[in-house]
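To start, the structure under review is shown below, and the notes come after it.
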Amino acid sequence: MSKIENAQTDRVQTETQRSSAETQRAAKSFTRRLLLQSAAAAAGVASVGPFVLREGRAASGSVKIFSWAGYISPDMLADFEKKTGVKATLTEYGTNDELLNQLKATGGAGFDIIHPTVDRVPNYVEFELVQPIDESKVKWDGCLKSSVEGSAGMGGVVGGKRYFAPADWGTEALAYDMKKAPLAYGTASYGDLWAPANAGKVTVRGHSSLIGIALWLESQGKLPHPVRDQFKDEAKARANFDAILKVAAANKKSVAQFWTNENEAQGAFRTNGCVIGQTWDSSAVALRKEGLPIRFVAPKEGALAWMEGFAIPKKAENLENAYAWINWFYTPQAGALYTNHSGISSTAVGAEAHLSDLNKQFFADAYPGDALQKLWWWPIQEAWYVSIRNEYQDRFLAA
């Protein structure tokens with residue numbers, strides 16, 4: 001999951017720059033149904049404990065976790081310590097670039113586990129901030145097989161080495177007030193954000209709303225190049241963004257609030273009068289848990305889908321305990337604690353059997369019909385693309 005991110009102007013041509021075509025093929029093959037099929041095939045494998053770091057030696061000491069704000073609950077930290085004997089300390093961030101810049105400032109020191117989105121992992125490898133995962137230390141049977149395999153071509157494997165252990169996946173789509181701005185799957189569109197009836201009551205994030213507009217324009221044959229081509233070619237990126245920015249700037253008056261993190265997205269609906277927005281799934285489920293009439297649905301152009309997971313910083317000090325965290329996370333109970341708390345789908349095998357009724361209903365409402373087949377997976381975003389993207393985002397915000 002991403003947010004407004006600072007420009008990265010250095011483009012280093014290394015083996016970390018992956019093929020967008022490879023990303024597209026991997027993303028198309030990765031759906032929730034495949035996840036659940038993998039879960040069924042491996043059911044029960046990861047339900048045992050206690051956790052051990054090496055044969056016969058229980059975990060101890062500490063582990064420093066750097067994760068998204070609102071993702072890791074106190075109950076999760078307590079359960080991890082109870083199961084492993086390891087004391088976990090949590091530091092939170094709100095954006096991928098906040099995470100990246102923090103690690104760049106320390107040269108990959110200060111934390112034992114970080115929680116990036118898969119499409120940004122090559123950036124960390126490029127700047128030599130993370131280390132390859134020792135796959136022999138990970139209990140992969142506890143993670144849905146399709147997420148492990150699918151993440152490889154989406155940025156999780158760079159130069160033949162794996163740097164990413166899948167933890168969760170989610171989407172950015174349409175959050176709406178079911179009374180004041182009702183939507184229905186099949187007709188709901190990113191274009192609904194800019195309907196005259198919603199003027200002054202919309203919340204979006206800068207850079208990802210531009211992609212929502214891009215998909216809307218593409219569906220109408222009004223974009224110079226296919227959206228995915230702009231992630232591969234600078235000239236095509238600028239041509240597309242020129243067309244996208246024209247529409248975005250013309251509709252900026254509809255935006256009541258731009259959001260950049262979870263709290264802001266929720267606050268737009270809770271206190272600032274917004275009735276529709278392009279938000280994360282976790283933002284919408286949190287508002288629904290409060291009893292607000294906010295619902296969440298995939299648009300006909302496809303919900304923006306992302307995968308997040310764990311990576312190990314280059315200078316991690318508690319390496320064995322970092323693996324203990326990953327292996328604990330790959331259990332049904334830990335996965336359910338995570339999803340019930342955050343509203344984001346865990347990749348832990350069997351987690352869905354332990355979800356709350358609200359979370360089960362939220363998932364069914366958000367992705368009916370063929371919504372899962374139409375997920376639009378974020379391609380790898382190389383440094384040159386992030387720089388251009390942020391340039392046009394800033395122009396949108398300043399329009």
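Residue numbers start at 1 in each chain; chains themselves are named A, B, ... in the order of the structure tokens; ligands are numbered from 1 in the order shown.
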
According to DSSP computed on the backbone, where in segment 206-331 of chain A is there alpha helix (DSSP H)? Give the residues as number ranges by chain. A: 206-219, 234-250, 262-270, 281-289, 319-329

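Close contacts of segment 264-276 of chain A, defined as residues with an atom at most 8 Å away when counting only C-alpha atoms, with chain neighbours fewer than 3 positions off set aside, comprise Leu174, Ala175, Tyr176, Asp177, Lys180, Ala181, Leu193, Asn198, Gly200, Lys201, Val202, Thr203, Val204, Ala256, Gln257, Phe258, Trp259, Thr260, Asn261, Thr279, Ser283, Ala284, Ala286 and Leu287 of chain A.
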
Which neighbours of segment 226-229 of chain A fall inside 8 Å, counting only C-alpha atoms, when residues of the same chain fewer than 4 positions from it are skipped, and could you give them as a list in words? Ser20, Ile211, Ala214, Leu215, Glu218, Asp233, Lys236, Ala237, Asn240 and Pro379 of chain A

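Nearest residue to Trp378 of chain A among A:Tyr392, A:Phe241, A:Trp169, A:Tyr323 is A:Trp169, counting only C-alpha atoms.
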
I'd like the neighbourhood of segment 352-357 of chain A as a PDB file with N, CA and C atoms, in the first residue's frame, where a residue qualifies if any of its atoms comes within 9 Å (using only C-alpha atoms), though same-chain residues fewer than 2 positions away should be ignored.
```pdb
ATOM      1  N   LEU A  36      -6.965 -18.560  -2.066  1.00  0.00           N
ATOM      2  CA  LEU A  36      -7.785 -19.462  -1.272  1.00  0.00           C
ATOM      3  C   LEU A  36      -7.604 -20.910  -1.717  1.00  0.00           C
ATOM      4  N   PRO A 332      -2.409 -19.241  11.084  1.00  0.00           N
ATOM      5  CA  PRO A 332      -3.799 -18.783  10.926  1.00  0.00           C
ATOM      6  C   PRO A 332      -4.206 -17.759  11.967  1.00  0.00           C
ATOM      7  N   GLN A 333      -3.807 -17.987  13.217  1.00  0.00           N
ATOM      8  CA  GLN A 333      -4.227 -17.096  14.290  1.00  0.00           C
ATOM      9  C   GLN A 333      -3.611 -15.698  14.131  1.00  0.00           C
ATOM     10  N   GLY A 335      -2.486 -14.365  11.323  1.00  0.00           N
ATOM     11  CA  GLY A 335      -3.067 -13.757  10.137  1.00  0.00           C
ATOM     12  C   GLY A 335      -4.446 -13.180  10.404  1.00  0.00           C
ATOM     13  N   ALA A 336      -5.248 -13.892  11.192  1.00  0.00           N
ATOM     14  CA  ALA A 336      -6.591 -13.407  11.524  1.00  0.00           C
ATOM     15  C   ALA A 336      -6.529 -12.191  12.446  1.00  0.00           C
ATOM     16  N   LEU A 337      -5.605 -12.194  13.410  1.00  0.00           N
ATOM     17  CA  LEU A 337      -5.429 -11.018  14.254  1.00  0.00           C
ATOM     18  C   LEU A 337      -5.128  -9.788  13.400  1.00  0.00           C
ATOM     19  N   THR A 339      -5.812  -9.290  10.050  1.00  0.00           N
ATOM     20  CA  THR A 339      -6.926  -8.873   9.198  1.00  0.00           C
ATOM     21  C   THR A 339      -8.087  -8.303   9.995  1.00  0.00           C
ATOM     22  N   ASN A 340      -8.404  -8.915  11.121  1.00  0.00           N
ATOM     23  CA  ASN A 340      -9.495  -8.403  11.937  1.00  0.00           C
ATOM     24  C   ASN A 340      -9.191  -6.997  12.468  1.00  0.00           C
ATOM     25  N   SER A 345      -6.280  -8.101   3.876  1.00  0.00           N
ATOM     26  CA  SER A 345      -6.222  -9.559   3.750  1.00  0.00           C
ATOM     27  C   SER A 345      -4.821 -10.097   4.007  1.00  0.00           C
ATOM     28  N   SER A 346      -4.701 -11.017   4.935  1.00  0.00           N
ATOM     29  CA  SER A 346      -3.433 -11.662   5.254  1.00  0.00           C
ATOM     30  C   SER A 346      -3.128 -12.762   4.248  1.00  0.00           C
ATOM     31  N   ALA A 348      -1.503 -15.426   5.329  1.00  0.00           N
ATOM     32  CA  ALA A 348      -1.293 -16.602   6.171  1.00  0.00           C
ATOM     33  C   ALA A 348      -2.321 -17.679   5.836  1.00  0.00           C
ATOM     34  N   VAL A 349      -1.865 -18.894   5.654  1.00  0.00           N
ATOM     35  CA  VAL A 349      -2.742 -20.020   5.334  1.00  0.00           C
ATOM     36  C   VAL A 349      -3.754 -20.225   6.460  1.00  0.00           C
ATOM     37  N   GLY A 350      -5.026 -20.296   6.098  1.00  0.00           N
ATOM     38  CA  GLY A 350      -6.071 -20.603   7.068  1.00  0.00           C
ATOM     39  C   GLY A 350      -6.591 -19.429   7.851  1.00  0.00           C
ATOM     40  N   ASN A 359     -15.678  -8.567   8.861  1.00  0.00           N
ATOM     41  CA  ASN A 359     -14.629  -8.601   7.843  1.00  0.00           C
ATOM     42  C   ASN A 359     -14.993  -9.514   6.685  1.00  0.00           C
ATOM     43  N   LYS A 360     -15.653 -10.619   6.985  1.00  0.00           N
ATOM     44  CA  LYS A 360     -16.106 -11.505   5.915  1.00  0.00           C
ATOM     45  C   LYS A 360     -17.120 -10.794   5.025  1.00  0.00           C
ATOM     46  N   GLN A 361     -18.067 -10.061   5.632  1.00  0.00           N
ATOM     47  CA  GLN A 361     -19.086  -9.359   4.858  1.00  0.00           C
ATOM     48  C   GLN A 361     -18.485  -8.212   4.066  1.00  0.00           C
ATOM     49  N   PHE A 362     -17.511  -7.525   4.661  1.00  0.00           N
ATOM     50  CA  PHE A 362     -16.843  -6.428   3.959  1.00  0.00           C
ATOM     51  C   PHE A 362     -16.208  -6.932   2.674  1.00  0.00           C
TER      52      PHE A 362
END
```

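Across A:Ile213, A:Ile133, A:Ile65, A:Ala324, the tightest approach to Phe111 of chain A is made by A:Ile65 when counting only C-alpha atoms.
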
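Closest approach to Ala364 of chain A among A:Arg295, A:Ile113, A:Asp97, A:Pro122: A:Arg295, based on only C-alpha atoms.
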
Excluding Val285 of chain A and its own-chain neighbours fewer than 5 positions away, which residues fall within 9 Å of it when counting only C-alpha atoms? Please give them as a PyMOL selection string. chain A and resi 290+294-296+342-344+358-359+362

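Take the candidates A:Trp325, A:Tyr185, A:Trp280, A:Tyr93 and check each one against Lys64 of chain A using only C-alpha atoms; the shortest distance goes to A:Trp325.
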
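If you measure from each of A:Asp365, A:Asp141, A:Asp370, A:Asp192 to Asn327 of chain A using only C-alpha atoms, the closest one turns out to be A:Asp141.
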
Counting only C-alpha atoms, give me one row per residue of segment 53-146 of chain A with an atom at most 7 Å from an atom of segment 302-313 of chain A, showing the shortest contact pair and its distance in Å to one decimal, sorted by chain then residue number, as CSV.
```
residue,atom,partner,partner_atom,distance
A:Gly108,CA,A:Pro313,CA,5.2
A:Ala109,CA,A:Pro313,CA,6.6
A:Phe111,CA,A:Pro313,CA,6.7
A:Asp112,CA,A:Ile312,CA,5.9
A:Ile113,CA,A:Ile312,CA,5.0
A:Ile114,CA,A:Ala311,CA,5.4
A:His115,CA,A:Phe310,CA,4.7
A:Pro116,CA,A:Glu308,CA,5.6
A:Thr117,CA,A:Glu308,CA,4.1
A:Val118,CA,A:Glu308,CA,5.6
A:Leu129,CA,A:Pro313,CA,5.8
A:Val130,CA,A:Pro313,CA,4.1
A:Gln131,CA,A:Ile312,CA,5.9
```

Let me see the file: selected residues, all heavy atoms, as an mmCIF file, in the first residue's frame.
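Listed below is the output, selection-v1.cif:
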```
data_model
loop_
_atom_site.group_PDB
_atom_site.id
_atom_site.type_symbol
_atom_site.label_atom_id
_atom_site.label_comp_id
_atom_site.auth_asym_id
_atom_site.auth_seq_id
_atom_site.Cartn_x
_atom_site.Cartn_y
_atom_site.Cartn_z
ATOM 1 N N GLY A 108 20.420 1.508 6.112
ATOM 2 C CA GLY A 108 19.825 0.189 6.349
ATOM 3 C C GLY A 108 19.942 -0.276 7.782
ATOM 4 O O GLY A 108 19.813 -1.471 8.066
ATOM 5 N N ALA A 109 20.143 0.645 8.712
ATOM 6 C CA ALA A 109 20.269 0.294 10.130
ATOM 7 C C ALA A 109 19.047 0.780 10.900
ATOM 8 O O ALA A 109 18.248 1.583 10.405
ATOM 9 C CB ALA A 109 21.531 0.908 10.716
ATOM 10 N N PHE A 111 16.438 -1.051 12.264
ATOM 11 C CA PHE A 111 15.287 -1.946 12.366
ATOM 12 C C PHE A 111 15.666 -3.348 11.886
ATOM 13 O O PHE A 111 16.618 -3.532 11.133
ATOM 14 C CB PHE A 111 14.113 -1.411 11.543
ATOM 15 C CG PHE A 111 13.641 -0.058 11.995
ATOM 16 C CD1 PHE A 111 14.071 1.091 11.345
ATOM 17 C CD2 PHE A 111 12.793 0.072 13.077
ATOM 18 C CE1 PHE A 111 13.665 2.345 11.763
ATOM 19 C CE2 PHE A 111 12.375 1.320 13.508
ATOM 20 C CZ PHE A 111 12.817 2.456 12.847
ATOM 21 N N ASP A 112 14.881 -4.325 12.348
ATOM 22 C CA ASP A 112 15.114 -5.721 11.969
ATOM 23 C C ASP A 112 14.121 -6.209 10.923
ATOM 24 O O ASP A 112 14.407 -7.158 10.189
ATOM 25 C CB ASP A 112 15.010 -6.618 13.205
ATOM 26 C CG ASP A 112 15.943 -6.172 14.312
ATOM 27 O OD1 ASP A 112 17.150 -6.020 14.029
ATOM 28 O OD2 ASP A 112 15.479 -5.967 15.453
ATOM 29 N N ILE A 113 12.947 -5.580 10.874
ATOM 30 C CA ILE A 113 11.900 -5.942 9.914
ATOM 31 C C ILE A 113 11.264 -4.664 9.388
ATOM 32 O O ILE A 113 10.939 -3.762 10.177
ATOM 33 C CB ILE A 113 10.802 -6.809 10.578
ATOM 34 C CG1 ILE A 113 11.275 -8.252 10.732
ATOM 35 C CG2 ILE A 113 9.517 -6.799 9.767
ATOM 36 C CD1 ILE A 113 11.244 -9.078 9.458
ATOM 37 N N ILE A 114 11.090 -4.574 8.062
ATOM 38 C CA ILE A 114 10.329 -3.474 7.478
ATOM 39 C C ILE A 114 9.183 -4.064 6.665
ATOM 40 O O ILE A 114 9.134 -5.270 6.411
ATOM 41 C CB ILE A 114 11.213 -2.563 6.609
ATOM 42 C CG1 ILE A 114 11.839 -3.358 5.447
ATOM 43 C CG2 ILE A 114 12.277 -1.879 7.464
ATOM 44 C CD1 ILE A 114 12.578 -2.484 4.450
ATOM 45 N N HIS A 115 8.252 -3.212 6.238
ATOM 46 C CA HIS A 115 6.985 -3.693 5.680
ATOM 47 C C HIS A 115 6.641 -2.957 4.371
ATOM 48 O O HIS A 115 5.615 -2.280 4.276
ATOM 49 C CB HIS A 115 5.902 -3.456 6.739
ATOM 50 C CG HIS A 115 4.677 -4.277 6.569
ATOM 51 N ND1 HIS A 115 3.774 -4.475 7.596
ATOM 52 C CD2 HIS A 115 4.156 -4.941 5.512
ATOM 53 C CE1 HIS A 115 2.773 -5.223 7.180
ATOM 54 N NE2 HIS A 115 2.972 -5.508 5.908
ATOM 55 N N PRO A 116 7.464 -3.080 3.327
ATOM 56 C CA PRO A 116 7.228 -2.329 2.090
ATOM 57 C C PRO A 116 6.202 -2.991 1.174
ATOM 58 O O PRO A 116 5.861 -4.161 1.337
ATOM 59 C CB PRO A 116 8.603 -2.347 1.431
ATOM 60 C CG PRO A 116 9.174 -3.668 1.848
ATOM 61 C CD PRO A 116 8.691 -3.869 3.273
ATOM 62 N N THR A 117 5.725 -2.229 0.180
ATOM 63 C CA THR A 117 4.934 -2.822 -0.888
ATOM 64 C C THR A 117 5.896 -3.477 -1.879
ATOM 65 O O THR A 117 7.017 -3.027 -2.067
ATOM 66 C CB THR A 117 4.079 -1.768 -1.610
ATOM 67 O OG1 THR A 117 4.914 -0.681 -2.013
ATOM 68 C CG2 THR A 117 2.980 -1.256 -0.700
ATOM 69 N N VAL A 118 5.420 -4.539 -2.507
ATOM 70 C CA VAL A 118 6.306 -5.363 -3.334
ATOM 71 C C VAL A 118 6.860 -4.600 -4.528
ATOM 72 O O VAL A 118 8.012 -4.808 -4.928
ATOM 73 C CB VAL A 118 5.586 -6.650 -3.786
ATOM 74 C CG1 VAL A 118 4.441 -6.352 -4.744
ATOM 75 C CG2 VAL A 118 6.568 -7.641 -4.398
ATOM 76 N N LEU A 129 19.842 -1.331 0.740
ATOM 77 C CA LEU A 129 19.295 -1.112 2.078
ATOM 78 C C LEU A 129 18.731 -2.374 2.705
ATOM 79 O O LEU A 129 18.432 -2.381 3.901
ATOM 80 C CB LEU A 129 18.191 -0.046 2.013
ATOM 81 C CG LEU A 129 18.622 1.321 1.487
ATOM 82 C CD1 LEU A 129 17.414 2.235 1.347
ATOM 83 C CD2 LEU A 129 19.672 1.948 2.404
ATOM 84 N N VAL A 130 18.557 -3.437 1.928
ATOM 85 C CA VAL A 130 18.008 -4.688 2.439
ATOM 86 C C VAL A 130 18.916 -5.844 2.053
ATOM 87 O O VAL A 130 19.748 -5.732 1.157
ATOM 88 C CB VAL A 130 16.575 -4.933 1.901
ATOM 89 C CG1 VAL A 130 15.602 -3.928 2.482
ATOM 90 C CG2 VAL A 130 16.551 -4.909 0.373
ATOM 91 N N GLN A 131 18.736 -6.955 2.746
ATOM 92 C CA GLN A 131 19.537 -8.147 2.472
ATOM 93 C C GLN A 131 18.647 -9.267 1.943
ATOM 94 O O GLN A 131 17.447 -9.297 2.238
ATOM 95 C CB GLN A 131 20.259 -8.603 3.731
ATOM 96 C CG GLN A 131 19.349 -8.930 4.903
ATOM 97 C CD GLN A 131 20.130 -9.345 6.141
ATOM 98 O OE1 GLN A 131 20.598 -10.488 6.238
ATOM 99 N NE2 GLN A 131 20.263 -8.415 7.092
#
```

If DSSP is run on the backbone, what residues of segment 83-208 of chain A are strand (DSSP E or B)? A reply as a PyMOL selection string would be ideal. chain A and resi 87-93+113-114+117+130-131+143+157-158+161-162+165-177+202-204
